[in-house]
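Encoded as structure tokens, the structure appears first; notes follow it.
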Amino acid sequence: MPTIEIDTPAALNRFLTLAAIDGISGKERDVMNRIIGLLRTAGVDERRIRFDDANCRSPIGGEVGNLIVDLPGTVAGPTTLLSAHADTVPICQGSTPVVDGDSVKSVRESTGLGADDRAGCAAIVTAVTELLASGRPHAPIKLLFCIQEEIGLCGARYLDAKLLGPIDRAFNFDGGRVEKLTLGATGGERMTIVIHGVPAHAGVAPQTGASAIVMAARAIDGLYRDGWLGAVQKPGLGSGTANVGVISGGDATNVITPLVKLRAEARSHDPAMRSRIVEEITKAFRSAAAEIATDTGVTGRVEIDTSVDYEAFRLPPDHPTVLAADRAIRAVGREPYGEVTNGGLDANWLNRHGIPAVTLGCGQCDIHTAEETLSIPDYLDACRVALALLLPDESAAAEPHRDESSAG
Ligand SMILES: [Zn+2]
């Protein structure tokens, strides 16, 4: 692996510039334009920069699609994708980044910094700028700046993967320590549950009603007692998590409640186990509704809607993507550690699109809070890691190379 030197003041400035731009999910146009400006300054041909139409498929719409950049290789080798998400959470609106010793914070006390994930964007732009300035040879490179990560991975989910073309190895730069190499993540499924009971006057004729609140209570209590809520551990079946997070219903104390709405979720690294948890939740609500009846035997009923938020994935430790990430982290003098996370990442959807992606951190701390900071030494090393991933190294020749005839 060659020595990795970067212009550190310029790298830090790129982060400060990008973090200061507002851009919550769906409103990424300004930050994308700034990224395009930085890439053009670095010498990237404008014709190689374009947007997909993920925003047309996203439920919230949005100003722009994912930004996709194509840098043809100057030498043969595996096609490498670097990605990061361009949106930030609402608490980061109005971020005013300032350097404070070894870290960056937002000077406004009630505002988050937005290092999640402008640090990832800045690290990628820095790596490409350094690479092009050095004139070093490189294999084909693609860049992907995703929209709408923070509202359910929508940019990655609705990505037009055809525009990217085949990818051999992919590296998603997002939150966390620079040594962290996330090679797998859980899959998640969301449920909306609507319970219809039978209304009645609670004082005059309660026996003619069937309470949706009682049905909900019975279902939730049963799930909890049987170990299907919270941390789910079922020997022989698998493990996961489940939660009923939102419940609403009822207007008055003197009405047997006819309608309750709930929102729940299930997660597992094993898609079959996740489906099993969803099935148990479904069963519990259906039977609770069937058990609570009016004096004439009219029971409740439920409508349940489920949708997969993201599929689980896990790359094997000897996958070329994992090996390359491991080498790049070591090349900057850090000791990598593998992690499998219980949260969803853009990498879940990238893997779903057939793009073998791991996630790497950039030194962001306390993300999604007003206390968010960026560790400057970590961020600079993330820039170096990104650059290392773009430089051909002695072992690149040994990596499996895609058959060109299958390239679209
Ligand atoms: Zn993030």
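Ligands are numbered from 1 in the order shown, chains are lettered A, B, ... in the order of the structure tokens, and residues start at 1 in each chain.
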Extract, using only C-alpha atoms, all DNA, RNA and protein residues at most 12 Å from Thr41 (chain A), discarding same-chain residues fewer than 2 positions from it, and format them as a ChimeraX atom specification. /A:14,34-39,43-46,125-126,128-130,132-133
List as a ChimeraX atom specification the protein and nucleic acid residues near region 135-145 of chain A, meaning an atom at most 6 Å away when only C-alpha atoms are counted, but skip any in the same chain fewer than 6 places from it. /A:66-77,79-86,391-392
If you keep C-alpha atoms, can you produce a file of those selected residues as a PDB file, in the first residue's frame?
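Once everything was written out, this is selection.pdb:
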ATOM      1  CA  ASN A  66     -29.094  10.378  -5.877  1.00  0.00           C
ATOM      2  CA  LEU A  67     -25.934  11.941  -7.298  1.00  0.00           C
ATOM      3  CA  ILE A  68     -23.910   9.466  -9.342  1.00  0.00           C
ATOM      4  CA  VAL A  69     -20.380  10.101 -10.620  1.00  0.00           C
ATOM      5  CA  ASP A  70     -18.452   7.899 -13.002  1.00  0.00           C
ATOM      6  CA  LEU A  71     -14.642   8.098 -13.230  1.00  0.00           C
ATOM      7  CA  PRO A  72     -13.331   5.746 -15.910  1.00  0.00           C
ATOM      8  CA  GLY A  73     -10.229   3.808 -14.917  1.00  0.00           C
ATOM      9  CA  THR A  74      -6.801   4.691 -16.254  1.00  0.00           C
ATOM     10  CA  VAL A  75      -5.770   1.077 -15.619  1.00  0.00           C
ATOM     11  CA  ALA A  76      -7.699  -2.203 -15.475  1.00  0.00           C
ATOM     12  CA  GLY A  77      -8.940  -3.358 -12.107  1.00  0.00           C
ATOM     13  CA  THR A  79     -14.714  -1.141 -10.108  1.00  0.00           C
ATOM     14  CA  THR A  80     -14.832   0.603  -6.729  1.00  0.00           C
ATOM     15  CA  LEU A  81     -17.843   2.489  -5.385  1.00  0.00           C
ATOM     16  CA  LEU A  82     -17.576   5.081  -2.619  1.00  0.00           C
ATOM     17  CA  SER A  83     -20.873   6.256  -1.135  1.00  0.00           C
ATOM     18  CA  ALA A  84     -22.218   8.554   1.586  1.00  0.00           C
ATOM     19  CA  HIS A  85     -25.571  10.152   2.288  1.00  0.00           C
ATOM     20  CA  ALA A  86     -26.058  13.861   1.705  1.00  0.00           C
ATOM     21  CA  LEU A 391      -5.257   3.477  -5.274  1.00  0.00           C
ATOM     22  CA  PRO A 392      -4.262   0.241  -6.953  1.00  0.00           C
TER      23      PRO A 392
END
Run DSSP on the backbone of this structure and report the residues of region 82-227 of chain A it assigns to helix (DSSP H, G or I), as a ChimeraX atom specification. /A:90-92,115-134,154-157,161-164,206-208,212-225
Could you save those same residues with C-alpha atoms as a PDB file, in the first residue's frame?
ATOM      1  CA  PRO A  90     -33.643  18.240  11.212  1.00  0.00           C
ATOM      2  CA  ILE A  91     -31.718  19.133  14.404  1.00  0.00           C
ATOM      3  CA  CYS A  92     -28.732  19.970  12.152  1.00  0.00           C
ATOM      4  CA  ALA A 115     -21.153  15.376  10.438  1.00  0.00           C
ATOM      5  CA  ASP A 116     -23.563  12.473   9.840  1.00  0.00           C
ATOM      6  CA  ASP A 117     -23.065  12.360   7.016  1.00  0.00           C
ATOM      7  CA  ARG A 118     -21.380  15.417   5.514  1.00  0.00           C
ATOM      8  CA  ALA A 119     -18.099  14.022   6.854  1.00  0.00           C
ATOM      9  CA  GLY A 120     -18.647  10.986   4.616  1.00  0.00           C
ATOM     10  CA  CYS A 121     -19.388  13.224   1.614  1.00  0.00           C
ATOM     11  CA  ALA A 122     -16.325  15.404   2.321  1.00  0.00           C
ATOM     12  CA  ALA A 123     -14.054  12.358   2.771  1.00  0.00           C
ATOM     13  CA  ILE A 124     -15.079  11.001  -0.636  1.00  0.00           C
ATOM     14  CA  VAL A 125     -14.662  14.372  -2.369  1.00  0.00           C
ATOM     15  CA  THR A 126     -11.251  14.747  -0.705  1.00  0.00           C
ATOM     16  CA  ALA A 127     -10.124  11.280  -1.831  1.00  0.00           C
ATOM     17  CA  VAL A 128     -11.095  11.984  -5.447  1.00  0.00           C
ATOM     18  CA  THR A 129      -9.507  15.453  -5.374  1.00  0.00           C
ATOM     19  CA  GLU A 130      -6.234  14.016  -4.033  1.00  0.00           C
ATOM     20  CA  LEU A 131      -6.269  11.138  -6.487  1.00  0.00           C
ATOM     21  CA  LEU A 132      -6.810  13.334  -9.548  1.00  0.00           C
ATOM     22  CA  ALA A 133      -4.241  15.892  -8.366  1.00  0.00           C
ATOM     23  CA  SER A 134      -1.636  13.155  -7.899  1.00  0.00           C
ATOM     24  CA  CYS A 154     -35.078   5.924   0.723  1.00  0.00           C
ATOM     25  CA  GLY A 155     -32.291   7.084  -1.601  1.00  0.00           C
ATOM     26  CA  ALA A 156     -30.471   3.759  -1.479  1.00  0.00           C
ATOM     27  CA  ARG A 157     -33.738   1.865  -1.577  1.00  0.00           C
ATOM     28  CA  ALA A 161     -28.665   0.713  -9.835  1.00  0.00           C
ATOM     29  CA  LYS A 162     -28.475   0.412 -13.644  1.00  0.00           C
ATOM     30  CA  LEU A 163     -27.045   3.932 -13.784  1.00  0.00           C
ATOM     31  CA  LEU A 164     -24.187   2.803 -11.567  1.00  0.00           C
ATOM     32  CA  PRO A 206     -71.240  -1.602  27.987  1.00  0.00           C
ATOM     33  CA  GLN A 207     -72.144  -5.219  27.258  1.00  0.00           C
ATOM     34  CA  THR A 208     -73.141  -4.220  23.697  1.00  0.00           C
ATOM     35  CA  ALA A 212     -60.459  -2.126  20.827  1.00  0.00           C
ATOM     36  CA  ILE A 213     -58.303  -1.009  23.772  1.00  0.00           C
ATOM     37  CA  VAL A 214     -58.927  -4.293  25.585  1.00  0.00           C
ATOM     38  CA  MET A 215     -58.041  -6.185  22.392  1.00  0.00           C
ATOM     39  CA  ALA A 216     -54.791  -4.228  22.023  1.00  0.00           C
ATOM     40  CA  ALA A 217     -53.933  -4.762  25.692  1.00  0.00           C
ATOM     41  CA  ARG A 218     -54.555  -8.490  25.467  1.00  0.00           C
ATOM     42  CA  ALA A 219     -52.438  -8.875  22.331  1.00  0.00           C
ATOM     43  CA  ILE A 220     -49.523  -6.835  23.689  1.00  0.00           C
ATOM     44  CA  ASP A 221     -49.559  -8.557  27.062  1.00  0.00           C
ATOM     45  CA  GLY A 222     -49.613 -11.986  25.396  1.00  0.00           C
ATOM     46  CA  LEU A 223     -46.709 -11.112  23.113  1.00  0.00           C
ATOM     47  CA  TYR A 224     -44.720  -9.753  26.046  1.00  0.00           C
ATOM     48  CA  ARG A 225     -45.366 -12.795  28.251  1.00  0.00           C
TER      49      ARG A 225
END
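Of the listed residues (A:Glu109, A:Pro199, A:Gly65, A:Asp22), A:Pro199 comes nearest to Ala252 (chain A); the distances count only C-alpha atoms.
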For region 260-266 of chain A: contacts at 10 Å, only C-alpha atoms, fewer than 3 positions along chain excluded, given as number ranges by chain: A: 187-197, 211-216, 228-230, 232, 240-250, 257, 273-278, 281, 302-309
Take the residues that were just selected and, keeping C-alpha atoms, output them as a CSV table (one decimal), in the first residue's frame.
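Saved as part_13.csv:
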chain,number,residue,atom,x,y,z
A,187,GLY,CA,-33.2,-6.4,8.5
A,188,GLY,CA,-36.3,-4.5,9.6
A,189,GLU,CA,-40.0,-4.6,9.0
A,190,ARG,CA,-42.6,-2.1,10.1
A,191,MET,CA,-46.2,-2.9,10.9
A,192,THR,CA,-49.3,-0.7,11.1
A,193,ILE,CA,-52.1,-2.4,13.1
A,194,VAL,CA,-55.7,-1.1,13.1
A,195,ILE,CA,-58.1,-2.7,15.6
A,196,HIS,CA,-61.8,-2.3,15.0
A,197,GLY,CA,-64.0,-2.9,18.1
A,211,SER,CA,-63.3,-2.5,23.3
A,212,ALA,CA,-60.5,-2.1,20.8
A,213,ILE,CA,-58.3,-1.0,23.8
A,214,VAL,CA,-58.9,-4.3,25.6
A,215,MET,CA,-58.0,-6.2,22.4
A,216,ALA,CA,-54.8,-4.2,22.0
A,228,TRP,CA,-42.1,-11.9,21.3
A,229,LEU,CA,-41.6,-8.3,22.4
A,230,GLY,CA,-38.3,-6.6,23.3
A,232,VAL,CA,-36.6,-12.0,21.2
A,240,GLY,CA,-34.3,-10.6,16.9
A,241,THR,CA,-36.1,-7.7,18.4
A,242,ALA,CA,-39.7,-6.4,18.4
A,243,ASN,CA,-41.5,-3.4,19.6
A,244,VAL,CA,-44.9,-1.8,19.7
A,245,GLY,CA,-43.8,1.8,19.6
A,246,VAL,CA,-47.0,3.8,19.0
A,247,ILE,CA,-50.5,3.4,20.2
A,248,SER,CA,-53.4,5.7,19.8
A,249,GLY,CA,-57.2,5.5,20.2
A,250,GLY,CA,-60.2,6.7,22.1
A,257,THR,CA,-63.4,2.4,22.2
A,273,MET,CA,-36.9,-15.1,11.9
A,274,ARG,CA,-38.0,-11.6,11.2
A,275,SER,CA,-41.0,-13.0,9.3
A,276,ARG,CA,-41.7,-15.3,12.2
A,277,ILE,CA,-41.8,-12.4,14.7
A,278,VAL,CA,-44.2,-10.5,12.3
A,281,ILE,CA,-47.5,-10.3,16.3
A,302,VAL,CA,-57.9,-6.1,12.7
A,303,GLU,CA,-56.2,-4.8,9.6
A,304,ILE,CA,-52.5,-5.3,9.5
A,305,ASP,CA,-50.1,-3.7,7.0
A,306,THR,CA,-46.5,-4.7,6.9
A,307,SER,CA,-43.6,-3.4,4.9
A,308,VAL,CA,-39.9,-4.4,4.8
A,309,ASP,CA,-37.8,-1.4,5.6
Give the residue list for ligand 1 at 12 Å, counting only C-alpha atoms and all ligand atoms, as a count of residues only, sorted by chain and then by residue number. 46
Counting only C-alpha atoms, which residues in region 115-208 of chain A sit no more than 10 Å from region 335-339 of chain A? For each one, give the nearest pair of atoms and the distance in Å, sorted by chain then residue number, as CSV.
residue,atom,partner,partner_atom,distance
A:Arg177,CA,A:Pro336,CA,9.7
A:Val178,CA,A:Pro336,CA,8.1
A:Glu179,CA,A:Pro336,CA,4.5
A:Lys180,CA,A:Tyr337,CA,5.4
A:Leu181,CA,A:Gly338,CA,4.8
A:Thr182,CA,A:Glu339,CA,4.6
A:Leu183,CA,A:Glu339,CA,6.2
A:Gly184,CA,A:Glu339,CA,7.0
A:Ala185,CA,A:Glu339,CA,8.6
Please, which residues in region 292-401 of chain A fall within 10 Å of region 93-98 of chain A when counting only C-alpha atoms, and what is the closest atom pair and distance in Å to one decimal for each, ordered by chain then residue number, as a tab-separated table?
residue	atom	partner	partner_atom	distance
A:Ala370	CA	A:Ser95	CA	9.5
A:Thr373	CA	A:Pro97	CA	9.3
A:Leu374	CA	A:Pro97	CA	9.8
Per DSSP on the backbone, what are the strand (DSSP E or B) residues of region 328-398 of chain A, as a compact mmCIF listing (two decimals) with N, CA and C atoms, in the first residue's frame?
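The resulting file, part.txt, is shown below:
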# COMPACT_ATOMS: atom_id res chain seq x y z
N TYR A 337 -11.85 -3.23 13.31
CA TYR A 337 -12.66 -4.26 13.97
C TYR A 337 -13.98 -4.40 13.21
N GLY A 338 -14.37 -5.64 13.00
CA GLY A 338 -15.61 -5.92 12.26
C GLY A 338 -16.81 -5.78 13.17
N GLU A 339 -17.92 -5.33 12.62
CA GLU A 339 -19.13 -5.19 13.42
C GLU A 339 -20.35 -5.55 12.59
N VAL A 340 -21.32 -6.13 13.27
CA VAL A 340 -22.62 -6.38 12.63
C VAL A 340 -23.62 -5.57 13.43
N THR A 341 -24.35 -4.68 12.77
CA THR A 341 -25.16 -3.72 13.51
C THR A 341 -26.65 -4.10 13.51
N ALA A 357 -21.40 -3.98 -0.33
CA ALA A 357 -20.95 -2.78 0.38
C ALA A 357 -20.71 -3.05 1.86
N VAL A 358 -19.61 -2.50 2.37
CA VAL A 358 -19.42 -2.42 3.82
C VAL A 358 -19.55 -0.94 4.20
N THR A 359 -19.70 -0.67 5.50
CA THR A 359 -19.80 0.71 5.97
C THR A 359 -18.61 1.03 6.86
N LEU A 360 -18.05 2.21 6.64
CA LEU A 360 -16.90 2.67 7.41
C LEU A 360 -17.25 3.98 8.10
N GLY A 361 -16.68 4.22 9.27
CA GLY A 361 -16.97 5.45 10.02
C GLY A 361 -16.03 6.58 9.61
N GLN A 364 -17.58 10.56 13.45
CA GLN A 364 -18.73 11.30 14.00
C GLN A 364 -19.08 10.74 15.38
N CYS A 365 -19.40 11.65 16.33
CA CYS A 365 -19.80 11.23 17.68
C CYS A 365 -21.15 11.87 18.00
N THR A 373 -20.35 15.88 17.44
CA THR A 373 -19.02 16.42 17.10
C THR A 373 -18.38 15.53 16.05
N LEU A 374 -17.33 16.08 15.44
CA LEU A 374 -16.52 15.29 14.51
C LEU A 374 -15.08 15.31 15.03
N SER A 375 -14.50 14.13 15.19
CA SER A 375 -13.09 14.05 15.57
C SER A 375 -12.25 14.33 14.33
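Across A:Asp270, A:Pro78, A:Ala42, A:Arg108, the tightest approach to Ala20 (chain A) is made by A:Arg108 when counting only C-alpha atoms.
For the pair CA of Ala272 (chain A) and CA of Pro317 (chain A), the separation is 22.6 Å.
The interatomic distance for the pair CA of His353 (chain A) and CA of Ala388 (chain A) works out to 24.9 Å.
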For Ala200 (chain A), find every residue with an atom within 7 Å (counting only C-alpha atoms), except residues of its own chain fewer than 2 positions away, and show them as a VMD selection string. chain A and resid 198 202 205 to 206 208 to 209 255 to 256
Same residues, C-alpha atoms, saved as an mmCIF file, in the first residue's frame:
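Just written: again.cif:
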data_model
loop_
_atom_site.group_PDB
_atom_site.id
_atom_site.type_symbol
_atom_site.label_atom_id
_atom_site.label_comp_id
_atom_site.auth_asym_id
_atom_site.auth_seq_id
_atom_site.Cartn_x
_atom_site.Cartn_y
_atom_site.Cartn_z
ATOM 1 C CA VAL A 198 -67.660 -2.210 18.583
ATOM 2 C CA ALA A 202 -69.737 2.671 28.629
ATOM 3 C CA ALA A 205 -74.889 -0.558 27.823
ATOM 4 C CA PRO A 206 -71.240 -1.602 27.987
ATOM 5 C CA THR A 208 -73.141 -4.220 23.697
ATOM 6 C CA GLY A 209 -69.617 -3.020 22.924
ATOM 7 C CA VAL A 255 -67.342 5.230 25.115
ATOM 8 C CA ILE A 256 -66.296 1.596 24.626
#
